[in-house]
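Asker: What follows is a structure written as structure tokens; I'll ask about it next.
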Amino acid sequence: MADDGSASNRRDPIKSSVGHVAGQRRRQQAVTVAKERRELLVRAKRLCRVGTSGDVEDALVENEMMIDEEQPILEAQAIKSVEELKSAVQYQGKGAMQKRVTALRELRRILSKSEFPPVEAALSAGAIPLLVQCLSFGSPDEQLLESAWCLTNIAAGKPEETKALLPALPLLIAHLGEKSSAPVAEQCAWAIGNVAGEGEDLRNVLLSQGALPSLARMIFPDKGSTVRTAAWALSNLIKGPESKAAAQLVKVDGILDAILRHLKKTDEETATEIAWIIVYLSALSDIATSMLLKGGILHLLIERLANSYSLQLLIPVLRSVGNFVAVDPKAILTILIREQNTEESIIGVLAKCLRSEHRVLKKEAAWVLSNIAAGSIEQKRMIHSTEVMPLLLRLLSTSPFDIRKEVAYVLGNLCVESAEGDRKPGIIQEHLVSIVRGGCLPGFIELVRSPDIEAARLGLQFIELVLRGMPNGEGPKLVEGEDGIDAMERFQFHENEELRVMANSLVDKYFGEDYGIDE
Amino acid sequence: MATGMAVDTVGELGFPYWNPIRRRFPPDSPFFASGNVERELLAKQVTLDFTEDEINHLHKFVEIETRRISCPIVGCPERLKSLDHFEDHYNARHTASCSVCSRVYPTSRLLSIHISEAHDSFFQAKVSRGYDMYECLVEGCGLKFKTYKARHRHLIDKHKFPTTFEFFKKTQLSKKRREKLQRQHVSKLKHEEDKEAASSDAMEVEDKGSLDGLVSALSSLTTSDTTPSNVSFGRRHGRGLTFVPRSVHREKRTESSSAPGPTN
């Protein structure tokens, strides 16, 4: 089963060690995915199945992957293993070190076998103090590694389990230092990443204990899995919503250059984690935003968007672009002008995202476009004159709701000048006409019918544009033709007063007593 | 209304015109939730060996959990699982349509109030004899009023309805919608009575008959001003069968000295 001894890919041994029966049963269980499992999967923590030292040998000794029914067995093993670790730690005689490492290794294996490691059992048997002891300074690398690995997986699950790592944090952080061997530092970073992923309280503890500078230093090298793991941990640490961690990171000397360097050159997996750091920096730190923009980050992000097909990478890169555009629209003007309509233009890559099959990319790309479309008239023209338009119109009729809402923002923004003062914002008739002729009305009226207040409001606002702005008074007929009056009359008994008033005022004004008088 | 340059009466009512603004979201905004979830799922995909089924289930789970939809119709407590569920719910519960004039109401109670007030000669008779016939539209309030206007005032004052609210709106459904509703209604009736009676042809005739009866009762109530030149059931063209209760007419006449125009 696990005989692929020469597997060069560290991940393979785990996959090939999945027994056929266990695999089958898991697939049957797939239909009834437990709530617990879903929560686990959606958490910002990561279980470590294969250690950082890349020792394939370890993984080969794995048995069949455990399934839930065997949980009691696993728990019993965990308790026994902790007991053995306890006696190994107490033992002072010859071969003490080897005893400790063996005991640690056994515990680590038990904690790595299953998606639901027997953490609670291990904790109640008193694992933490022992593991902390094994992290003491001067301990051999193997010992540090195994101990940090155990702690990593203890911290990968429930909140109270992660919190149990508190006593271990100072030592874990200390072993991030430059004197530590790379695998040890990486494993400690992993554990810290899980702790940071738990919540703001733990993040604050880590920050107060000086985790940030040490982690930051670990992403300076050009490559290596350590860079990737540290970047991931760092992204968990600065995600906020408070901005102080992000602010602290910006102050690390040379960090922004390192980030730009990695964004430009490094492999996609590492670039993914770096991109998440950029997401949080651009959302939480104005200083970082302006410095990164000056450093030419937009161009690098667009390059990645153009050349990559990895959804994992595209999501944070796209979102970073979105954050930059939302904050500083002037910055993108230079990009727009320089590279209009090439595959590597910002509009081009956004079009690529709109064409993608991935929901998140479509939605967030539309969001970015809506912000560009909220800019100057040149920016609106730039969008309006490209291949993006038919894409948007199609998405408005066919895509899931959250995407349609964002597309609606783009289309509406394209038709209206930004208001100055209190005056009614002017309609850009050329754009309105072409978009309406492109068949957008049914989509907007559909939004009017939706139970989502924001969407209904958008729909009504767009209908107002059509009623007011279409030439030769065509607006009312067009709206009626698409059952718009009916959609608006729904609001008479809607619980939202603003929408009721909006709909009523439109119907009163444009479909009042004299409507149809010429027929 | 035929011209493109409309006067700014809408502006006076405070219509929030479309104004392009940039939207910025904090990193923990629900806007980014699905992207964040995707990140974590993709990251674990390698170590945990998901099947495609599992991935689909996980996505569905996340979507369902984050989007329970509350029905926005006043007084309706339903919370629906998805947009499709909402549409089904809305069509099942909130589209009671009047068989005479095709107006649509979100509850059967409101529909029956409408039918009494707009199409029932007995109702009008009692009104003219001074009874409090106009019920408050808010379920549970229980108050009744002698006139349409009085009830209207009550809705605004007591229940905060907007001043522009008109239970009996003078505008009509779009032609397409009216025809659609008519077809729906006729086929619904057919379907119901199929259980008892024989052929659907007979049903159609009976239908038409009973509705014709209503229509003629209708025309006997209206003044010559308001009788449309052709009473064609089911096809309302232009200013066809808009019925305004006589009582409203009367009030209008007394309130304004201008000619009692039929308000179609």
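Going through the structure tokens in order, the chains are called A, B, and so on, while each chain numbers its residues from 1 and the ligands are numbered from 1 in the order shown.
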Excluding A:Cys150 and residues on its chain fewer than 3 positions from it, collect all residues at most 8 Å away from it, counting only C-alpha atoms, and give them as a short mmCIF file (atom, residue, chain, number, x, y, z; two decimals) with N, CA and C atoms, in the first residue's frame.
Answerer:
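Saved as around-v6.cif:
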```
data_model
loop_
_atom_site.label_atom_id
_atom_site.label_comp_id
_atom_site.auth_asym_id
_atom_site.auth_seq_id
_atom_site.Cartn_x
_atom_site.Cartn_y
_atom_site.Cartn_z
N LEU A 104 8.03 11.27 21.11
CA LEU A 104 7.44 12.41 20.39
C LEU A 104 6.95 11.99 19.01
N LEU A 107 3.70 10.15 19.16
CA LEU A 107 2.57 11.06 19.39
C LEU A 107 2.26 11.85 18.13
N ARG A 108 3.32 12.30 17.47
CA ARG A 108 3.12 13.10 16.25
C ARG A 108 2.39 12.28 15.20
N LEU A 111 -1.17 12.09 15.93
CA LEU A 111 -1.84 13.38 15.69
C LEU A 111 -1.89 13.75 14.21
N LEU A 131 5.26 18.93 25.91
CA LEU A 131 5.74 19.44 24.63
C LEU A 131 6.52 20.73 24.82
N GLU A 146 9.76 17.51 16.11
CA GLU A 146 8.61 16.67 16.43
C GLU A 146 7.67 17.37 17.39
N SER A 147 8.23 18.07 18.32
CA SER A 147 7.39 18.76 19.30
C SER A 147 6.57 19.85 18.63
N ASN A 153 -0.51 20.43 15.04
CA ASN A 153 -1.77 19.74 14.81
C ASN A 153 -2.74 19.87 15.97
N ILE A 154 -2.20 20.07 17.15
CA ILE A 154 -3.10 20.34 18.27
C ILE A 154 -3.84 21.66 18.02
#
```
Asker: I'd like the neighbourhood of B:Phe32 as a list in words, where a residue qualifies if any of its atoms comes within 10 Å (using only C-alpha atoms), though same-chain residues fewer than 4 positions away should be ignored.
Answerer: Arg319, Val360, Lys363 and Glu364 of chain A; Phe25, Pro26, Pro27, Asp28, Asn36 and Val37 of chain B
Asker: Using N, CA and C atoms, can you export the residues from the last selection as a PDB file, in the first residue's frame?
Answerer:
```
ATOM      1  N   ARG A 319      -8.047  40.355  -5.812  1.00  0.00           N
ATOM      2  CA  ARG A 319      -8.570  41.150  -4.708  1.00  0.00           C
ATOM      3  C   ARG A 319      -7.633  42.302  -4.368  1.00  0.00           C
ATOM      4  N   VAL A 360     -16.048  33.306  -7.726  1.00  0.00           N
ATOM      5  CA  VAL A 360     -15.388  34.369  -6.974  1.00  0.00           C
ATOM      6  C   VAL A 360     -14.687  35.338  -7.915  1.00  0.00           C
ATOM      7  N   LYS A 363     -17.247  37.592  -9.716  1.00  0.00           N
ATOM      8  CA  LYS A 363     -17.838  38.599  -8.835  1.00  0.00           C
ATOM      9  C   LYS A 363     -16.848  39.705  -8.507  1.00  0.00           C
ATOM     10  N   GLU A 364     -15.640  39.314  -8.106  1.00  0.00           N
ATOM     11  CA  GLU A 364     -14.708  40.353  -7.674  1.00  0.00           C
ATOM     12  C   GLU A 364     -14.163  41.154  -8.851  1.00  0.00           C
TER      13      GLU A 364
ATOM     14  N   PHE B  25     -14.309  47.658   0.658  1.00  0.00           N
ATOM     15  CA  PHE B  25     -14.755  46.754   1.718  1.00  0.00           C
ATOM     16  C   PHE B  25     -13.603  46.390   2.636  1.00  0.00           C
ATOM     17  N   PRO B  26     -13.849  46.320   3.929  1.00  0.00           N
ATOM     18  CA  PRO B  26     -12.794  45.853   4.837  1.00  0.00           C
ATOM     19  C   PRO B  26     -12.535  44.370   4.614  1.00  0.00           C
ATOM     20  N   PRO B  27     -11.374  43.881   5.032  1.00  0.00           N
ATOM     21  CA  PRO B  27     -11.016  42.494   4.710  1.00  0.00           C
ATOM     22  C   PRO B  27     -11.953  41.455   5.300  1.00  0.00           C
ATOM     23  N   ASP B  28     -12.625  41.776   6.386  1.00  0.00           N
ATOM     24  CA  ASP B  28     -13.532  40.781   6.959  1.00  0.00           C
ATOM     25  C   ASP B  28     -14.975  40.998   6.525  1.00  0.00           C
ATOM     26  N   ASN B  36     -12.775  33.930   0.689  1.00  0.00           N
ATOM     27  CA  ASN B  36     -11.999  33.434   1.821  1.00  0.00           C
ATOM     28  C   ASN B  36     -12.217  31.947   2.028  1.00  0.00           C
ATOM     29  N   VAL B  37     -13.459  31.539   1.899  1.00  0.00           N
ATOM     30  CA  VAL B  37     -13.759  30.119   2.061  1.00  0.00           C
ATOM     31  C   VAL B  37     -13.062  29.316   0.976  1.00  0.00           C
TER      32      VAL B  37
END
```
Asker: So that I can check the surroundings of B:Tyr17, please list as an MDAnalysis selection string every protein, DNA and RNA residue that reaches within 10 Å of it, counting only C-alpha atoms and ignoring chain neighbours fewer than 2 positions away.
Answerer: (chainID A and resid 416 419 424:426 458 460:462 464:465 502) or (chainID B and resid 10:11 14:15 19:20)
Asker: List as a PDB file with N, CA, C and O atoms, in the first residue's frame the protein and nucleic acid residues near stretch 274-282 of chain A, meaning an atom at most 8 Å away when only C-alpha atoms are counted, but skip any in the same chain fewer than 3 places from it.
Answerer:
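Output file out.pdb is given in full below:
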```pdb
ATOM      1  N   ARG A 228       7.278  30.085   2.005  1.00  0.00           N
ATOM      2  CA  ARG A 228       5.844  29.925   1.783  1.00  0.00           C
ATOM      3  C   ARG A 228       5.088  29.783   3.101  1.00  0.00           C
ATOM      4  O   ARG A 228       4.077  30.454   3.330  1.00  0.00           O
ATOM      5  N   ALA A 231       5.078  33.019   5.010  1.00  0.00           N
ATOM      6  CA  ALA A 231       4.200  34.016   4.398  1.00  0.00           C
ATOM      7  C   ALA A 231       2.753  33.726   4.762  1.00  0.00           C
ATOM      8  O   ALA A 231       1.967  34.651   5.066  1.00  0.00           O
ATOM      9  N   TRP A 232       2.401  32.435   4.744  1.00  0.00           N
ATOM     10  CA  TRP A 232       1.047  32.092   5.129  1.00  0.00           C
ATOM     11  C   TRP A 232       0.769  32.490   6.581  1.00  0.00           C
ATOM     12  O   TRP A 232      -0.257  33.107   6.893  1.00  0.00           O
ATOM     13  N   LEU A 234       2.237  34.715   8.319  1.00  0.00           N
ATOM     14  CA  LEU A 234       2.212  36.173   8.392  1.00  0.00           C
ATOM     15  C   LEU A 234       0.861  36.714   7.935  1.00  0.00           C
ATOM     16  O   LEU A 234       0.299  37.637   8.535  1.00  0.00           O
ATOM     17  N   SER A 235       0.317  36.138   6.878  1.00  0.00           N
ATOM     18  CA  SER A 235      -0.969  36.635   6.384  1.00  0.00           C
ATOM     19  C   SER A 235      -2.053  36.427   7.433  1.00  0.00           C
ATOM     20  O   SER A 235      -2.926  37.271   7.608  1.00  0.00           O
ATOM     21  N   ILE A 238      -1.620  39.232  10.185  1.00  0.00           N
ATOM     22  CA  ILE A 238      -1.953  40.639   9.933  1.00  0.00           C
ATOM     23  C   ILE A 238      -3.370  40.851   9.428  1.00  0.00           C
ATOM     24  O   ILE A 238      -3.745  41.984   9.103  1.00  0.00           O
ATOM     25  N   LYS A 239      -4.183  39.795   9.380  1.00  0.00           N
ATOM     26  CA  LYS A 239      -5.471  39.954   8.695  1.00  0.00           C
ATOM     27  C   LYS A 239      -6.452  40.874   9.391  1.00  0.00           C
ATOM     28  O   LYS A 239      -7.505  41.220   8.842  1.00  0.00           O
ATOM     29  N   GLY A 240      -6.149  41.275  10.607  1.00  0.00           N
ATOM     30  CA  GLY A 240      -7.003  42.281  11.243  1.00  0.00           C
ATOM     31  C   GLY A 240      -8.219  41.697  11.918  1.00  0.00           C
ATOM     32  O   GLY A 240      -8.170  40.615  12.451  1.00  0.00           O
ATOM     33  N   ALA A 246      -0.655  45.119  10.475  1.00  0.00           N
ATOM     34  CA  ALA A 246      -0.249  45.507   9.135  1.00  0.00           C
ATOM     35  C   ALA A 246       0.697  46.703   9.204  1.00  0.00           C
ATOM     36  O   ALA A 246       1.713  46.762   8.504  1.00  0.00           O
ATOM     37  N   ILE A 259       8.477  41.615  -0.800  1.00  0.00           N
ATOM     38  CA  ILE A 259       7.149  41.255  -1.296  1.00  0.00           C
ATOM     39  C   ILE A 259       7.061  41.456  -2.803  1.00  0.00           C
ATOM     40  O   ILE A 259       6.581  40.597  -3.545  1.00  0.00           O
ATOM     41  N   HIS A 262       9.075  38.763  -4.644  1.00  0.00           N
ATOM     42  CA  HIS A 262       8.411  37.464  -4.705  1.00  0.00           C
ATOM     43  C   HIS A 262       7.238  37.491  -5.662  1.00  0.00           C
ATOM     44  O   HIS A 262       7.004  36.538  -6.406  1.00  0.00           O
ATOM     45  N   LEU A 263       6.499  38.595  -5.642  1.00  0.00           N
ATOM     46  CA  LEU A 263       5.347  38.687  -6.525  1.00  0.00           C
ATOM     47  C   LEU A 263       5.791  38.550  -7.966  1.00  0.00           C
ATOM     48  O   LEU A 263       5.116  37.955  -8.803  1.00  0.00           O
ATOM     49  N   THR A 270       4.042  29.969  -3.479  1.00  0.00           N
ATOM     50  CA  THR A 270       4.543  31.012  -2.592  1.00  0.00           C
ATOM     51  C   THR A 270       3.907  32.350  -2.914  1.00  0.00           C
ATOM     52  O   THR A 270       3.513  33.098  -2.018  1.00  0.00           O
ATOM     53  N   ALA A 271       3.787  32.626  -4.216  1.00  0.00           N
ATOM     54  CA  ALA A 271       3.184  33.895  -4.621  1.00  0.00           C
ATOM     55  C   ALA A 271       1.774  34.019  -4.080  1.00  0.00           C
ATOM     56  O   ALA A 271       1.310  35.128  -3.771  1.00  0.00           O
ATOM     57  N   SER A 285      -3.482  49.222   5.430  1.00  0.00           N
ATOM     58  CA  SER A 285      -2.419  50.194   5.637  1.00  0.00           C
ATOM     59  C   SER A 285      -2.262  51.127   4.449  1.00  0.00           C
ATOM     60  O   SER A 285      -1.868  50.711   3.359  1.00  0.00           O
ATOM     61  N   ASP A 286      -2.567  52.391   4.692  1.00  0.00           N
ATOM     62  CA  ASP A 286      -2.436  53.376   3.610  1.00  0.00           C
ATOM     63  C   ASP A 286      -0.981  53.569   3.210  1.00  0.00           C
ATOM     64  O   ASP A 286      -0.674  53.770   2.039  1.00  0.00           O
ATOM     65  N   ALA A 288       1.395  51.348   3.333  1.00  0.00           N
ATOM     66  CA  ALA A 288       1.786  50.214   2.493  1.00  0.00           C
ATOM     67  C   ALA A 288       1.225  50.387   1.090  1.00  0.00           C
ATOM     68  O   ALA A 288       1.912  50.150   0.094  1.00  0.00           O
ATOM     69  N   THR A 289      -0.016  50.803   1.029  1.00  0.00           N
ATOM     70  CA  THR A 289      -0.662  50.969  -0.274  1.00  0.00           C
ATOM     71  C   THR A 289       0.113  51.936  -1.156  1.00  0.00           C
ATOM     72  O   THR A 289       0.444  51.618  -2.308  1.00  0.00           O
ATOM     73  N   LEU A 313      -4.101  31.364  -6.719  1.00  0.00           N
ATOM     74  CA  LEU A 313      -3.295  32.575  -6.862  1.00  0.00           C
ATOM     75  C   LEU A 313      -4.147  33.734  -7.349  1.00  0.00           C
ATOM     76  O   LEU A 313      -4.019  34.870  -6.895  1.00  0.00           O
ATOM     77  N   PRO A 316      -6.370  36.039  -4.511  1.00  0.00           N
ATOM     78  CA  PRO A 316      -5.801  37.176  -3.785  1.00  0.00           C
ATOM     79  C   PRO A 316      -5.188  38.241  -4.691  1.00  0.00           C
ATOM     80  O   PRO A 316      -5.182  39.419  -4.340  1.00  0.00           O
ATOM     81  N   VAL A 317      -4.700  37.840  -5.857  1.00  0.00           N
ATOM     82  CA  VAL A 317      -4.128  38.855  -6.745  1.00  0.00           C
ATOM     83  C   VAL A 317      -5.225  39.791  -7.234  1.00  0.00           C
ATOM     84  O   VAL A 317      -5.088  41.020  -7.216  1.00  0.00           O
ATOM     85  N   ARG A 319      -8.047  40.355  -5.812  1.00  0.00           N
ATOM     86  CA  ARG A 319      -8.570  41.150  -4.708  1.00  0.00           C
ATOM     87  C   ARG A 319      -7.633  42.302  -4.368  1.00  0.00           C
ATOM     88  O   ARG A 319      -8.083  43.405  -4.036  1.00  0.00           O
ATOM     89  N   SER A 320      -6.354  42.044  -4.468  1.00  0.00           N
ATOM     90  CA  SER A 320      -5.387  43.129  -4.221  1.00  0.00           C
ATOM     91  C   SER A 320      -5.600  44.254  -5.215  1.00  0.00           C
ATOM     92  O   SER A 320      -5.644  45.428  -4.839  1.00  0.00           O
ATOM     93  N   ASN A 323      -8.511  46.169  -4.158  1.00  0.00           N
ATOM     94  CA  ASN A 323      -8.248  47.057  -3.027  1.00  0.00           C
ATOM     95  C   ASN A 323      -7.512  48.307  -3.459  1.00  0.00           C
ATOM     96  O   ASN A 323      -7.830  49.412  -3.030  1.00  0.00           O
ATOM     97  N   PHE A 324      -6.531  48.139  -4.340  1.00  0.00           N
ATOM     98  CA  PHE A 324      -5.776  49.310  -4.802  1.00  0.00           C
ATOM     99  C   PHE A 324      -6.670  50.257  -5.589  1.00  0.00           C
ATOM    100  O   PHE A 324      -6.638  51.465  -5.419  1.00  0.00           O
TER     101      PHE A 324
ATOM    102  N   PRO B  27     -11.374  43.881   5.032  1.00  0.00           N
ATOM    103  CA  PRO B  27     -11.016  42.494   4.710  1.00  0.00           C
ATOM    104  C   PRO B  27     -11.953  41.455   5.300  1.00  0.00           C
ATOM    105  O   PRO B  27     -12.093  40.373   4.734  1.00  0.00           O
TER     106      PRO B  27
END
```
Asker: Neighbouring residues of A:Gln209 were defined as those with any atom within 8 Å, considering only C-alpha atoms; residues of the same chain fewer than 4 positions away were excluded. Please report them as a list in words.
Answerer: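 Close residues of A:Gln209: Pro170, Ile173 and Val205 of chain A.
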Asker: Quick one: residues within 8 Å of A:Val321, only C-alpha atoms counted, chain neighbours fewer than 6 positions away excluded, as a PyMOL selection string?
Answerer: chain A and resi 298+301-302+368
Asker: Using only C-alpha atoms, which protein or nucleic acid residues come within 12 Å of B:Lys160? Drop anything in the same chain fewer than 6 positions from it, and give the result as a CSV table (one decimal) with N, CA and C atoms, in the first residue's frame.
Answerer:
```
chain,number,residue,atom,x,y,z
A,495,GLU,N,-42.0,45.7,2.8
A,495,GLU,CA,-41.8,46.3,4.2
A,495,GLU,C,-40.8,47.4,4.2
A,496,ASN,N,-40.0,47.6,3.2
A,496,ASN,CA,-39.0,48.7,3.2
A,496,ASN,C,-39.6,50.0,2.6
A,497,GLU,N,-39.7,51.0,3.5
A,497,GLU,CA,-40.3,52.2,3.1
A,497,GLU,C,-39.6,52.9,2.0
A,498,GLU,N,-38.3,53.0,2.0
A,498,GLU,CA,-37.6,53.7,1.0
A,498,GLU,C,-37.9,53.1,-0.4
A,500,ARG,N,-40.6,51.4,-1.2
A,500,ARG,CA,-41.9,51.7,-1.5
A,500,ARG,C,-42.1,53.1,-2.1
A,501,VAL,N,-41.5,54.0,-1.5
A,501,VAL,CA,-41.6,55.4,-2.0
A,501,VAL,C,-40.9,55.5,-3.3
B,138,VAL,N,-53.9,46.9,7.5
B,138,VAL,CA,-52.9,46.2,8.3
B,138,VAL,C,-53.6,45.2,9.1
B,152,HIS,N,-57.2,55.9,4.1
B,152,HIS,CA,-55.9,56.3,3.5
B,152,HIS,C,-55.2,57.2,4.6
B,153,ARG,N,-55.9,58.1,5.1
B,153,ARG,CA,-55.2,59.0,6.1
B,153,ARG,C,-54.8,58.2,7.3
B,154,HIS,N,-55.6,57.2,7.7
B,154,HIS,CA,-55.3,56.4,8.9
B,154,HIS,C,-54.0,55.6,8.6
```
Asker: Can you list every residue of chain A that has an atom at most 6 Å from chain B, with its nearest atom pair and the distance in Å to one decimal, using only C-alpha atoms, ordered by chain then number, as CSV?
Answerer:
```
residue,atom,partner,partner_atom,distance
A:Ala30,CA,B:Glu54,CA,5.5
A:Val42,CA,B:Glu40,CA,5.6
A:Ala326,CA,B:Arg24,CA,5.5
A:Val360,CA,B:Gly35,CA,5.7
A:Asn371,CA,B:Arg22,CA,4.8
A:Ala374,CA,B:Pro20,CA,4.8
A:Asn413,CA,B:Pro20,CA,4.9
A:Ser418,CA,B:Pro20,CA,5.6
A:Gln461,CA,B:Trp18,CA,5.5
A:Asn472,CA,B:Gly4,CA,5.7
A:Gly473,CA,B:Gly4,CA,4.3
A:Glu480,CA,B:Ser174,CA,5.8
A:Asp486,CA,B:Leu173,CA,5.6
A:Phe493,CA,B:Val74,CA,5.8
A:His494,CA,B:Ile73,CA,4.5
A:Glu495,CA,B:Val74,CA,4.6
A:Tyr510,CA,B:Met1,CA,6.0
```
Asker: For atom CA of A:Ala182 and atom CA of A:Thr226, quote the distance in Å rounded to one decimal.
Answerer: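 Between atom CA of A:Ala182 and atom CA of A:Thr226 the gap is 6.8 Å.
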Asker: So how many Å separate atom CA of A:Ala78 and atom CA of A:Leu135, to one decimal?
Answerer: 19.6 Å
